[in-house]
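Visitor: One structure follows; several queries about it will come next.
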There are 2 protein chains.
Amino acid sequence: MANRNLKENKDTEKLILDAAREVFIRKGFDGARMQEIADEAGINKALLHYYFRSKQKLFDTIFLEAFKDFWPSIESSTNNGKGTVKDLIKSAVDAYMDLLLKMPFLPSFVVGEINRSPERIQELLQASGIRPDFVLEVIKRGIEKREVIAIDPRDLIINIVGLSLFPFISRPVLSRMFFASEEEYMEFLASRRNSVYEFVCRSVLVEYQS
Amino acid sequence: MANRNLKENKDTEKLILDAAREVFIRKGFDGARMQEIADEAGINKALLHYYFRSKQKLFDTIFLEAFKDFWPSIESSTNNGKGTVKDLIKSAVDAYMDLLLKMPFLPSFVVGEINRSPERIQELLQASGIRPDFVLEVIKRGIEKREVIAIDPRDLIINIVGLSLFPFISRPVLSRMFFASEEEYMEFLASRRNSVYEFVCRSVLVEYQS
DNA sequence: AATACATTTGACCAAATGGTTAAATCAAAT
DNA sequence: ATTTGATTTAACCATTTGGTCAAATGTATT
């Protein structure tokens, strides 16, 4: 029985999720309208409630998915704790650039919604399975090995992530403040793949110091 | 006639603005309710519309004010283009720290709302009178004087601002990811006044290089 | 063909929300 | 005391919005 049903089922569900992602990311939870999601998916509004019981449930699905997208990239770049910090920096910056050039509005969406209901972060961190310990460990070993200067590992991570994310989070302002067009700004963002990498290396790698 | 009226007038207006700022910053435009603002101000809802004709008008007032708060601090730290880049870095980081320790939710509010309606940035930049040229000029001269390594001035500015703002923008996530309590995170943020300063100096100042 | 089951839809509802209005209140000027 | 003008309020309105439901439409199994 289920063969055709299952296929159609998946199709419709994906249709809804794609539409919901689009609308939620653009407008946020409060700004998003179930009707708009239905229109975007080309289906009836009641069908949304058939697949996902409420706006909140639908949103949660989208949001967890978006949240998960953030960290794994950097996680996988630690080579199970064996790699150098230099490699870690390169992999992390690259991973974020790859991710964000594809999904430029992911950061401001996630940040904005987390700020809207910060009480749910605990469960989110748990549900997403994010574990920053690996990265912290790599940095600690790098410091012991004198590859990296003495620095709070948390500072270093936050700096790397911040330098990567911030130009995307503040894209609308920055592009108009410092650039002639969106295209020019996109070029600039792409060039930061190297400039951020070097900026960080110069600051924390022993081999770059006197 | 106007003496008492004027005073009451100003009082009520300030009451409304304070309440509106509170609610808008916490919930954003879409999430904010006129009723909640009225309650927070301890007045009637219709009075909001008497002072500010619409939700949009009230919001615009709050938002322009918030937007203005962002840049002037760094502007004034350039000493009319005479100072060193080293001083600029210190002043900028300090200025942002001072601002953000007082108003931690300003960045995510501004960033979120700008993202909601990016088409209005042009007029915002104009209305706020923000002019980044001063800062760019100081950096350019710093490069000519061999105080600073060869770097795109826009990269440097964006890095400084990003390193300062990002930990506040992502505060809810970062504090739970890397710290045991909010208090511990606040201490960490305060300590970044120095660590960010040094992080940047090591990376771009010639005197810190080999 | 008939049954059983999941899927889809149009019509509808109750609550919330931004906004309006006419009346009431109040302080100052005459 | 009365008038005048701004300020404040309670009651109300139109619209929007998330959500429901019974009926309709498939689709596979018997």
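Please note that chains go A, B, ... in the order of the structure tokens, that every chain numbers its residues from 1, and that ligands are numbered from 1 in the order shown.
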Counting only C-alpha atoms (C1' of nucleotides), what is within 12 Å of DC12 in chain D, bar same-chain residues fewer than 5 positions away, as a list of chain:residue names?

Guide: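 Skipping anything fewer than 5 positions along the chain leaves C:DG19, C:DT20, C:DT21, C:DA22.
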
Visitor: Write down as a PDB file with all heavy atoms, in the first residue's frame the residues of range 170-207 of chain B whose backbone DSSP state falls under alpha helix (DSSP H).

Guide:
ATOM      1  N   ARG B 171      25.586  35.790  23.049  1.00  0.00           N
ATOM      2  CA  ARG B 171      25.715  35.541  24.480  1.00  0.00           C
ATOM      3  C   ARG B 171      24.969  34.318  24.997  1.00  0.00           C
ATOM      4  O   ARG B 171      25.559  33.473  25.678  1.00  0.00           O
ATOM      5  CB  ARG B 171      25.268  36.795  25.230  1.00  0.00           C
ATOM      6  CG  ARG B 171      25.152  36.614  26.717  1.00  0.00           C
ATOM      7  CD  ARG B 171      24.677  37.911  27.338  1.00  0.00           C
ATOM      8  NE  ARG B 171      24.437  37.776  28.762  1.00  0.00           N
ATOM      9  CZ  ARG B 171      24.150  38.808  29.551  1.00  0.00           C
ATOM     10  NH1 ARG B 171      24.067  40.017  29.039  1.00  0.00           N
ATOM     11  NH2 ARG B 171      23.929  38.626  30.834  1.00  0.00           N
ATOM     12  N   PRO B 172      23.679  34.144  24.677  1.00  0.00           N
ATOM     13  CA  PRO B 172      22.965  33.006  25.257  1.00  0.00           C
ATOM     14  C   PRO B 172      23.612  31.661  24.910  1.00  0.00           C
ATOM     15  O   PRO B 172      23.740  30.797  25.775  1.00  0.00           O
ATOM     16  CB  PRO B 172      21.570  33.116  24.639  1.00  0.00           C
ATOM     17  CG  PRO B 172      21.424  34.541  24.241  1.00  0.00           C
ATOM     18  CD  PRO B 172      22.797  34.980  23.831  1.00  0.00           C
ATOM     19  N   VAL B 173      24.015  31.492  23.654  1.00  0.00           N
ATOM     20  CA  VAL B 173      24.634  30.219  23.266  1.00  0.00           C
ATOM     21  C   VAL B 173      25.997  30.064  23.906  1.00  0.00           C
ATOM     22  O   VAL B 173      26.290  29.048  24.551  1.00  0.00           O
ATOM     23  CB  VAL B 173      24.829  30.124  21.737  1.00  0.00           C
ATOM     24  CG1 VAL B 173      24.903  28.672  21.315  1.00  0.00           C
ATOM     25  CG2 VAL B 173      23.738  30.848  21.005  1.00  0.00           C
ATOM     26  N   LEU B 174      26.836  31.057  23.711  1.00  0.00           N
ATOM     27  CA  LEU B 174      28.222  30.946  24.169  1.00  0.00           C
ATOM     28  C   LEU B 174      28.303  30.734  25.676  1.00  0.00           C
ATOM     29  O   LEU B 174      29.112  29.933  26.149  1.00  0.00           O
ATOM     30  CB  LEU B 174      29.011  32.187  23.763  1.00  0.00           C
ATOM     31  CG  LEU B 174      29.166  32.375  22.252  1.00  0.00           C
ATOM     32  CD1 LEU B 174      29.942  33.652  21.945  1.00  0.00           C
ATOM     33  CD2 LEU B 174      29.860  31.164  21.627  1.00  0.00           C
ATOM     34  N   SER B 175      27.483  31.456  26.414  1.00  0.00           N
ATOM     35  CA  SER B 175      27.579  31.335  27.870  1.00  0.00           C
ATOM     36  C   SER B 175      27.259  29.909  28.309  1.00  0.00           C
ATOM     37  O   SER B 175      27.908  29.371  29.200  1.00  0.00           O
ATOM     38  CB  SER B 175      26.646  32.346  28.549  1.00  0.00           C
ATOM     39  OG  SER B 175      25.312  31.924  28.450  1.00  0.00           O
ATOM     40  N   ARG B 176      26.290  29.282  27.670  1.00  0.00           N
ATOM     41  CA  ARG B 176      25.944  27.914  28.059  1.00  0.00           C
ATOM     42  C   ARG B 176      26.886  26.881  27.450  1.00  0.00           C
ATOM     43  O   ARG B 176      27.012  25.775  27.943  1.00  0.00           O
ATOM     44  CB  ARG B 176      24.500  27.604  27.671  1.00  0.00           C
ATOM     45  CG  ARG B 176      23.491  28.147  28.670  1.00  0.00           C
ATOM     46  CD  ARG B 176      22.079  27.929  28.170  1.00  0.00           C
ATOM     47  NE  ARG B 176      21.088  28.561  29.004  1.00  0.00           N
ATOM     48  CZ  ARG B 176      20.840  29.860  29.051  1.00  0.00           C
ATOM     49  NH1 ARG B 176      21.566  30.687  28.318  1.00  0.00           N
ATOM     50  NH2 ARG B 176      19.896  30.353  29.831  1.00  0.00           N
ATOM     51  N   MET B 177      27.523  27.245  26.355  1.00  0.00           N
ATOM     52  CA  MET B 177      28.430  26.289  25.722  1.00  0.00           C
ATOM     53  C   MET B 177      29.749  26.182  26.472  1.00  0.00           C
ATOM     54  O   MET B 177      30.313  25.099  26.613  1.00  0.00           O
ATOM     55  CB  MET B 177      28.724  26.730  24.290  1.00  0.00           C
ATOM     56  CG  MET B 177      28.086  25.844  23.242  1.00  0.00           C
ATOM     57  SD  MET B 177      28.439  26.451  21.592  1.00  0.00           S
ATOM     58  CE  MET B 177      29.509  25.147  20.997  1.00  0.00           C
ATOM     59  N   PHE B 178      30.248  27.308  26.954  1.00  0.00           N
ATOM     60  CA  PHE B 178      31.614  27.326  27.477  1.00  0.00           C
ATOM     61  C   PHE B 178      31.722  27.705  28.947  1.00  0.00           C
ATOM     62  O   PHE B 178      32.821  27.674  29.501  1.00  0.00           O
ATOM     63  CB  PHE B 178      32.473  28.297  26.665  1.00  0.00           C
ATOM     64  CG  PHE B 178      32.653  27.904  25.235  1.00  0.00           C
ATOM     65  CD1 PHE B 178      32.083  28.651  24.221  1.00  0.00           C
ATOM     66  CD2 PHE B 178      33.390  26.777  24.906  1.00  0.00           C
ATOM     67  CE1 PHE B 178      32.254  28.290  22.882  1.00  0.00           C
ATOM     68  CE2 PHE B 178      33.564  26.408  23.582  1.00  0.00           C
ATOM     69  CZ  PHE B 178      32.998  27.161  22.575  1.00  0.00           C
ATOM     70  N   GLU B 182      26.011  32.548  34.116  1.00  0.00           N
ATOM     71  CA  GLU B 182      25.968  33.849  33.464  1.00  0.00           C
ATOM     72  C   GLU B 182      27.010  34.790  34.059  1.00  0.00           C
ATOM     73  O   GLU B 182      27.638  35.573  33.347  1.00  0.00           O
ATOM     74  CB  GLU B 182      24.570  34.469  33.593  1.00  0.00           C
ATOM     75  CG  GLU B 182      23.542  33.913  32.625  1.00  0.00           C
ATOM     76  CD  GLU B 182      23.768  34.392  31.195  1.00  0.00           C
ATOM     77  OE1 GLU B 182      24.153  35.551  31.011  1.00  0.00           O
ATOM     78  OE2 GLU B 182      23.583  33.580  30.266  1.00  0.00           O
ATOM     79  N   GLU B 183      27.184  34.696  35.368  1.00  0.00           N
ATOM     80  CA  GLU B 183      28.156  35.562  36.039  1.00  0.00           C
ATOM     81  C   GLU B 183      29.563  35.308  35.499  1.00  0.00           C
ATOM     82  O   GLU B 183      30.300  36.240  35.191  1.00  0.00           O
ATOM     83  CB  GLU B 183      28.150  35.327  37.557  1.00  0.00           C
ATOM     84  CG  GLU B 183      26.874  35.755  38.244  1.00  0.00           C
ATOM     85  CD  GLU B 183      25.739  34.791  37.974  1.00  0.00           C
ATOM     86  OE1 GLU B 183      26.002  33.575  37.948  1.00  0.00           O
ATOM     87  OE2 GLU B 183      24.614  35.258  37.716  1.00  0.00           O
ATOM     88  N   GLU B 184      29.895  34.018  35.389  1.00  0.00           N
ATOM     89  CA  GLU B 184      31.205  33.668  34.866  1.00  0.00           C
ATOM     90  C   GLU B 184      31.391  34.229  33.459  1.00  0.00           C
ATOM     91  O   GLU B 184      32.470  34.706  33.103  1.00  0.00           O
ATOM     92  CB  GLU B 184      31.342  32.138  34.846  1.00  0.00           C
ATOM     93  CG  GLU B 184      32.768  31.637  35.014  1.00  0.00           C
ATOM     94  CD  GLU B 184      32.831  30.110  34.980  1.00  0.00           C
ATOM     95  OE1 GLU B 184      32.148  29.470  35.795  1.00  0.00           O
ATOM     96  OE2 GLU B 184      33.551  29.585  34.117  1.00  0.00           O
ATOM     97  N   TYR B 185      30.323  34.177  32.691  1.00  0.00           N
ATOM     98  CA  TYR B 185      30.417  34.694  31.328  1.00  0.00           C
ATOM     99  C   TYR B 185      30.609  36.201  31.331  1.00  0.00           C
ATOM    100  O   TYR B 185      31.377  36.740  30.538  1.00  0.00           O
ATOM    101  CB  TYR B 185      29.175  34.322  30.520  1.00  0.00           C
ATOM    102  CG  TYR B 185      29.302  34.628  29.048  1.00  0.00           C
ATOM    103  CD1 TYR B 185      30.254  33.984  28.273  1.00  0.00           C
ATOM    104  CD2 TYR B 185      28.493  35.574  28.431  1.00  0.00           C
ATOM    105  CE1 TYR B 185      30.387  34.258  26.918  1.00  0.00           C
ATOM    106  CE2 TYR B 185      28.613  35.850  27.072  1.00  0.00           C
ATOM    107  CZ  TYR B 185      29.562  35.185  26.327  1.00  0.00           C
ATOM    108  OH  TYR B 185      29.697  35.464  24.992  1.00  0.00           O
ATOM    109  N   MET B 186      29.918  36.887  32.239  1.00  0.00           N
ATOM    110  CA  MET B 186      30.087  38.340  32.328  1.00  0.00           C
ATOM    111  C   MET B 186      31.534  38.709  32.669  1.00  0.00           C
ATOM    112  O   MET B 186      32.088  39.649  32.114  1.00  0.00           O
ATOM    113  CB  MET B 186      29.125  38.928  33.373  1.00  0.00           C
ATOM    114  CG  MET B 186      27.670  38.996  32.925  1.00  0.00           C
ATOM    115  SD  MET B 186      27.452  39.868  31.352  1.00  0.00           S
ATOM    116  CE  MET B 186      27.845  41.553  31.847  1.00  0.00           C
ATOM    117  N   GLU B 187      32.130  37.953  33.594  1.00  0.00           N
ATOM    118  CA  GLU B 187      33.546  38.182  33.909  1.00  0.00           C
ATOM    119  C   GLU B 187      34.413  38.001  32.674  1.00  0.00           C
ATOM    120  O   GLU B 187      35.289  38.811  32.373  1.00  0.00           O
ATOM    121  CB  GLU B 187      34.020  37.204  34.990  1.00  0.00           C
ATOM    122  CG  GLU B 187      33.501  37.509  36.385  1.00  0.00           C
ATOM    123  CD  GLU B 187      33.922  36.417  37.366  1.00  0.00           C
ATOM    124  OE1 GLU B 187      35.054  35.889  37.219  1.00  0.00           O
ATOM    125  OE2 GLU B 187      33.113  36.071  38.250  1.00  0.00           O
ATOM    126  N   PHE B 188      34.122  36.923  31.966  1.00  0.00           N
ATOM    127  CA  PHE B 188      34.857  36.648  30.736  1.00  0.00           C
ATOM    128  C   PHE B 188      34.752  37.811  29.753  1.00  0.00           C
ATOM    129  O   PHE B 188      35.745  38.278  29.187  1.00  0.00           O
ATOM    130  CB  PHE B 188      34.325  35.367  30.098  1.00  0.00           C
ATOM    131  CG  PHE B 188      34.877  35.078  28.737  1.00  0.00           C
ATOM    132  CD1 PHE B 188      36.166  34.573  28.576  1.00  0.00           C
ATOM    133  CD2 PHE B 188      34.107  35.293  27.608  1.00  0.00           C
ATOM    134  CE1 PHE B 188      36.672  34.294  27.314  1.00  0.00           C
ATOM    135  CE2 PHE B 188      34.608  35.019  26.334  1.00  0.00           C
ATOM    136  CZ  PHE B 188      35.889  34.523  26.194  1.00  0.00           C
ATOM    137  N   LEU B 189      33.527  38.308  29.578  1.00  0.00           N
ATOM    138  CA  LEU B 189      33.310  39.436  28.666  1.00  0.00           C
ATOM    139  C   LEU B 189      34.140  40.639  29.087  1.00  0.00           C
ATOM    140  O   LEU B 189      34.773  41.300  28.262  1.00  0.00           O
ATOM    141  CB  LEU B 189      31.826  39.801  28.640  1.00  0.00           C
ATOM    142  CG  LEU B 189      30.911  38.850  27.871  1.00  0.00           C
ATOM    143  CD1 LEU B 189      29.464  39.300  27.944  1.00  0.00           C
ATOM    144  CD2 LEU B 189      31.349  38.748  26.417  1.00  0.00           C
ATOM    145  N   ALA B 190      34.136  40.913  30.385  1.00  0.00           N
ATOM    146  CA  ALA B 190      34.908  42.054  30.885  1.00  0.00           C
ATOM    147  C   ALA B 190      36.395  41.867  30.592  1.00  0.00           C
ATOM    148  O   ALA B 190      37.092  42.805  30.200  1.00  0.00           O
ATOM    149  CB  ALA B 190      34.665  42.225  32.379  1.00  0.00           C
ATOM    150  N   SER B 191      36.864  40.636  30.750  1.00  0.00           N
ATOM    151  CA  SER B 191      38.297  40.376  30.527  1.00  0.00           C
ATOM    152  C   SER B 191      38.681  40.550  29.063  1.00  0.00           C
ATOM    153  O   SER B 191      39.850  40.768  28.739  1.00  0.00           O
ATOM    154  CB  SER B 191      38.651  38.957  30.988  1.00  0.00           C
ATOM    155  OG  SER B 191      38.280  38.019  30.000  1.00  0.00           O
ATOM    156  N   ARG B 192      37.711  40.450  28.194  1.00  0.00           N
ATOM    157  CA  ARG B 192      38.006  40.598  26.771  1.00  0.00           C
ATOM    158  C   ARG B 192      38.404  42.021  26.405  1.00  0.00           C
ATOM    159  O   ARG B 192      38.977  42.254  25.336  1.00  0.00           O
ATOM    160  CB  ARG B 192      36.820  40.147  25.924  1.00  0.00           C
ATOM    161  CG  ARG B 192      36.760  38.632  25.781  1.00  0.00           C
ATOM    162  CD  ARG B 192      35.570  38.197  24.964  1.00  0.00           C
ATOM    163  NE  ARG B 192      35.639  38.606  23.563  1.00  0.00           N
ATOM    164  CZ  ARG B 192      36.253  37.903  22.626  1.00  0.00           C
ATOM    165  NH1 ARG B 192      36.866  36.788  22.922  1.00  0.00           N
ATOM    166  NH2 ARG B 192      36.252  38.338  21.373  1.00  0.00           N
ATOM    167  N   ARG B 193      38.122  42.963  27.262  1.00  0.00           N
ATOM    168  CA  ARG B 193      38.557  44.335  27.013  1.00  0.00           C
ATOM    169  C   ARG B 193      40.057  44.333  26.709  1.00  0.00           C
ATOM    170  O   ARG B 193      40.522  45.014  25.798  1.00  0.00           O
ATOM    171  CB  ARG B 193      38.265  45.197  28.235  1.00  0.00           C
ATOM    172  CG  ARG B 193      38.391  46.675  28.013  1.00  0.00           C
ATOM    173  CD  ARG B 193      38.221  47.405  29.325  1.00  0.00           C
ATOM    174  NE  ARG B 193      36.848  47.349  29.848  1.00  0.00           N
ATOM    175  CZ  ARG B 193      35.949  48.327  29.664  1.00  0.00           C
ATOM    176  NH1 ARG B 193      36.279  49.394  28.965  1.00  0.00           N
ATOM    177  NH2 ARG B 193      34.743  48.217  30.171  1.00  0.00           N
ATOM    178  N   ASN B 194      40.806  43.552  27.460  1.00  0.00           N
ATOM    179  CA  ASN B 194      42.241  43.447  27.195  1.00  0.00           C
ATOM    180  C   ASN B 194      42.567  42.385  26.149  1.00  0.00           C
ATOM    181  O   ASN B 194      43.381  42.615  25.259  1.00  0.00           O
ATOM    182  CB  ASN B 194      42.980  43.109  28.497  1.00  0.00           C
ATOM    183  CG  ASN B 194      43.174  44.338  29.362  1.00  0.00           C
ATOM    184  OD1 ASN B 194      43.594  45.386  28.875  1.00  0.00           O
ATOM    185  ND2 ASN B 194      42.824  44.219  30.624  1.00  0.00           N
ATOM    186  N   SER B 195      41.940  41.231  26.257  1.00  0.00           N
ATOM    187  CA  SER B 195      42.360  40.129  25.391  1.00  0.00           C
ATOM    188  C   SER B 195      42.076  40.415  23.918  1.00  0.00           C
ATOM    189  O   SER B 195      42.861  40.062  23.049  1.00  0.00           O
ATOM    190  CB  SER B 195      41.732  38.805  25.847  1.00  0.00           C
ATOM    191  OG  SER B 195      40.355  38.788  25.590  1.00  0.00           O
ATOM    192  N   VAL B 196      40.963  41.082  23.654  1.00  0.00           N
ATOM    193  CA  VAL B 196      40.679  41.441  22.262  1.00  0.00           C
ATOM    194  C   VAL B 196      41.690  42.474  21.773  1.00  0.00           C
ATOM    195  O   VAL B 196      42.236  42.362  20.668  1.00  0.00           O
ATOM    196  CB  VAL B 196      39.248  41.993  22.102  1.00  0.00           C
ATOM    197  CG1 VAL B 196      39.074  42.658  20.747  1.00  0.00           C
ATOM    198  CG2 VAL B 196      38.230  40.878  22.281  1.00  0.00           C
ATOM    199  N   TYR B 197      41.942  43.454  22.629  1.00  0.00           N
ATOM    200  CA  TYR B 197      42.920  44.493  22.282  1.00  0.00           C
ATOM    201  C   TYR B 197      44.255  43.865  21.904  1.00  0.00           C
ATOM    202  O   TYR B 197      44.829  44.141  20.847  1.00  0.00           O
ATOM    203  CB  TYR B 197      43.081  45.444  23.472  1.00  0.00           C
ATOM    204  CG  TYR B 197      44.229  46.408  23.351  1.00  0.00           C
ATOM    205  CD1 TYR B 197      44.270  47.351  22.325  1.00  0.00           C
ATOM    206  CD2 TYR B 197      45.278  46.395  24.271  1.00  0.00           C
ATOM    207  CE1 TYR B 197      45.320  48.242  22.215  1.00  0.00           C
ATOM    208  CE2 TYR B 197      46.333  47.282  24.176  1.00  0.00           C
ATOM    209  CZ  TYR B 197      46.349  48.196  23.146  1.00  0.00           C
ATOM    210  OH  TYR B 197      47.394  49.072  23.034  1.00  0.00           O
ATOM    211  N   GLU B 198      44.747  42.976  22.744  1.00  0.00           N
ATOM    212  CA  GLU B 198      46.041  42.347  22.474  1.00  0.00           C
ATOM    213  C   GLU B 198      45.983  41.414  21.263  1.00  0.00           C
ATOM    214  O   GLU B 198      46.933  41.336  20.482  1.00  0.00           O
ATOM    215  CB  GLU B 198      46.511  41.577  23.717  1.00  0.00           C
ATOM    216  CG  GLU B 198      47.058  42.504  24.795  1.00  0.00           C
ATOM    217  CD  GLU B 198      47.082  41.852  26.165  1.00  0.00           C
ATOM    218  OE1 GLU B 198      46.875  40.614  26.233  1.00  0.00           O
ATOM    219  OE2 GLU B 198      47.303  42.574  27.164  1.00  0.00           O
ATOM    220  N   PHE B 199      44.859  40.736  21.152  1.00  0.00           N
ATOM    221  CA  PHE B 199      44.677  39.826  20.011  1.00  0.00           C
ATOM    222  C   PHE B 199      44.848  40.583  18.691  1.00  0.00           C
ATOM    223  O   PHE B 199      45.548  40.135  17.779  1.00  0.00           O
ATOM    224  CB  PHE B 199      43.292  39.182  20.083  1.00  0.00           C
ATOM    225  CG  PHE B 199      43.039  38.115  19.057  1.00  0.00           C
ATOM    226  CD1 PHE B 199      43.382  36.802  19.318  1.00  0.00           C
ATOM    227  CD2 PHE B 199      42.454  38.424  17.835  1.00  0.00           C
ATOM    228  CE1 PHE B 199      43.154  35.805  18.374  1.00  0.00           C
ATOM    229  CE2 PHE B 199      42.222  37.439  16.891  1.00  0.00           C
ATOM    230  CZ  PHE B 199      42.566  36.126  17.155  1.00  0.00           C
ATOM    231  N   VAL B 200      44.235  41.747  18.616  1.00  0.00           N
ATOM    232  CA  VAL B 200      44.299  42.539  17.392  1.00  0.00           C
ATOM    233  C   VAL B 200      45.688  43.143  17.205  1.00  0.00           C
ATOM    234  O   VAL B 200      46.266  43.084  16.114  1.00  0.00           O
ATOM    235  CB  VAL B 200      43.230  43.651  17.397  1.00  0.00           C
ATOM    236  CG1 VAL B 200      43.373  44.547  16.175  1.00  0.00           C
ATOM    237  CG2 VAL B 200      41.833  43.039  17.458  1.00  0.00           C
ATOM    238  N   CYS B 201      46.231  43.695  18.282  1.00  0.00           N
ATOM    239  CA  CYS B 201      47.570  44.315  18.186  1.00  0.00           C
ATOM    240  C   CYS B 201      48.598  43.314  17.668  1.00  0.00           C
ATOM    241  O   CYS B 201      49.378  43.618  16.755  1.00  0.00           O
ATOM    242  CB  CYS B 201      48.002  44.855  19.551  1.00  0.00           C
ATOM    243  SG  CYS B 201      47.156  46.372  20.029  1.00  0.00           S
ATOM    244  N   ARG B 202      48.617  42.124  18.276  1.00  0.00           N
ATOM    245  CA  ARG B 202      49.578  41.104  17.841  1.00  0.00           C
ATOM    246  C   ARG B 202      49.467  40.838  16.353  1.00  0.00           C
ATOM    247  O   ARG B 202      50.454  40.578  15.671  1.00  0.00           O
ATOM    248  CB  ARG B 202      49.337  39.798  18.609  1.00  0.00           C
ATOM    249  CG  ARG B 202      49.884  39.771  20.020  1.00  0.00           C
ATOM    250  CD  ARG B 202      49.975  38.328  20.522  1.00  0.00           C
ATOM    251  NE  ARG B 202      48.702  37.622  20.407  1.00  0.00           N
ATOM    252  CZ  ARG B 202      47.766  37.615  21.352  1.00  0.00           C
ATOM    253  NH1 ARG B 202      47.952  38.268  22.502  1.00  0.00           N
ATOM    254  NH2 ARG B 202      46.660  36.949  21.176  1.00  0.00           N
ATOM    255  N   SER B 203      48.257  40.927  15.847  1.00  0.00           N
ATOM    256  CA  SER B 203      48.034  40.536  14.462  1.00  0.00           C
ATOM    257  C   SER B 203      48.401  41.611  13.453  1.00  0.00           C
ATOM    258  O   SER B 203      48.879  41.293  12.367  1.00  0.00           O
ATOM    259  CB  SER B 203      46.572  40.132  14.256  1.00  0.00           C
ATOM    260  OG  SER B 203      46.378  39.563  12.986  1.00  0.00           O
ATOM    261  N   VAL B 204      48.234  42.880  13.826  1.00  0.00           N
ATOM    262  CA  VAL B 204      48.364  43.919  12.791  1.00  0.00           C
ATOM    263  C   VAL B 204      49.411  45.001  13.078  1.00  0.00           C
ATOM    264  O   VAL B 204      49.789  45.741  12.167  1.00  0.00           O
ATOM    265  CB  VAL B 204      47.016  44.614  12.512  1.00  0.00           C
ATOM    266  CG1 VAL B 204      45.963  43.595  12.116  1.00  0.00           C
ATOM    267  CG2 VAL B 204      46.564  45.432  13.708  1.00  0.00           C
TER     268      VAL B 204
END

Visitor: Pick out the chain D residues within 9 Å of chain B. Count only C-alpha atoms (C1' of nucleotides). Give them as a PyMOL selection string.

Guide: chain D and resi 6-9

Visitor: Within 10 Å of Ala66 in chain A, counting only C-alpha atoms (C1' of nucleotides), which residues show up once you throw out same-chain ones fewer than 5 positions away? Write them as number ranges by chain, please.

Guide: A: 21, 25, 60-61, 103, 106-107, 109-110, 128

Visitor: Show me, as a PDB file with N, CA, C and O atoms (P, O5', C5', C4', C3', O3' and C1' of nucleotides), in the first residue's frame, the residues that have an atom within 9 Å of range 10-13 of chain C when counting only C-alpha atoms (C1' of nucleotides), minus same-chain residues fewer than 5 positions from it.

Guide:
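Heads up, here's the output in around01.pdb:
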ATOM      1  P    DG D  19      -1.138  27.136  15.940  1.00  0.00           P
ATOM      2  O5'  DG D  19      -2.627  26.583  15.793  1.00  0.00           O
ATOM      3  C5'  DG D  19      -3.592  26.987  16.757  1.00  0.00           C
ATOM      4  C4'  DG D  19      -4.953  26.491  16.360  1.00  0.00           C
ATOM      5  C3'  DG D  19      -5.018  25.016  15.934  1.00  0.00           C
ATOM      6  O3'  DG D  19      -5.873  24.308  16.819  1.00  0.00           O
ATOM      7  C1'  DG D  19      -6.270  26.405  14.477  1.00  0.00           C
ATOM      8  P    DT D  20      -6.107  22.730  16.632  1.00  0.00           P
ATOM      9  O5'  DT D  20      -7.578  22.663  16.022  1.00  0.00           O
ATOM     10  C5'  DT D  20      -8.601  23.409  16.657  1.00  0.00           C
ATOM     11  C4'  DT D  20      -9.927  23.173  15.962  1.00  0.00           C
ATOM     12  C3'  DT D  20     -10.254  21.716  15.651  1.00  0.00           C
ATOM     13  O3'  DT D  20     -11.579  21.452  16.089  1.00  0.00           O
ATOM     14  C1'  DT D  20     -10.472  23.030  13.685  1.00  0.00           C
ATOM     15  P    DC D  21     -12.062  19.907  16.258  1.00  0.00           P
ATOM     16  O5'  DC D  21     -13.076  19.740  15.032  1.00  0.00           O
ATOM     17  C5'  DC D  21     -13.747  20.893  14.530  1.00  0.00           C
ATOM     18  C4'  DC D  21     -14.589  20.500  13.332  1.00  0.00           C
ATOM     19  C3'  DC D  21     -14.686  18.986  13.103  1.00  0.00           C
ATOM     20  O3'  DC D  21     -15.968  18.665  12.614  1.00  0.00           O
ATOM     21  C1'  DC D  21     -13.703  20.009  11.221  1.00  0.00           C
TER      22       DC D  21
END

Visitor: For chain A versus chain B, which residues have an atom no more than 6 Å away, and what is each residue's nearest atom pair and distance in Å rounded to one decimal, using only C-alpha atoms, chain-then-number order, as JSON lines?

Guide:
{"residue": "A:Asp30", "atom": "CA", "partner": "B:Asp30", "partner_atom": "CA", "distance": 5.5}
{"residue": "A:Gly31", "atom": "CA", "partner": "B:Asp30", "partner_atom": "CA", "distance": 5.5}
{"residue": "A:Gly112", "atom": "CA", "partner": "B:Gly112", "partner_atom": "CA", "distance": 5.8}
{"residue": "A:Gly162", "atom": "CA", "partner": "B:Phe166", "partner_atom": "CA", "distance": 5.5}
{"residue": "A:Phe166", "atom": "CA", "partner": "B:Gly162", "partner_atom": "CA", "distance": 5.4}
{"residue": "A:Phe199", "atom": "CA", "partner": "B:Ser203", "partner_atom": "CA", "distance": 5.8}
{"residue": "A:Arg202", "atom": "CA", "partner": "B:Ser203", "partner_atom": "CA", "distance": 4.9}
{"residue": "A:Ser203", "atom": "CA", "partner": "B:Ser203", "partner_atom": "CA", "distance": 4.3}
{"residue": "A:Gln209", "atom": "CA", "partner": "B:Ser210", "partner_atom": "CA", "distance": 5.9}
{"residue": "A:Ser210", "atom": "CA", "partner": "B:Ser210", "partner_atom": "CA", "distance": 3.8}

Visitor: Show me, as a list in words, the residues of chain C whose atoms get within 8 Å of chain B, using only C-alpha atoms (C1' of nucleotides) for the distance check.

Guide: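 Every residue of chain C that passes the 8 Å test is in DT17, DG18, DG19, DA27, DA28 and DA29 of chain C.
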
Visitor: Quick check, in Å to one decimal: how far apart do CA of Phe24 in chain A and C1' of DT7 in chain C lie?

Guide: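 Between CA of Phe24 in chain A and C1' of DT7 in chain C the gap works out to 25.1 Å.
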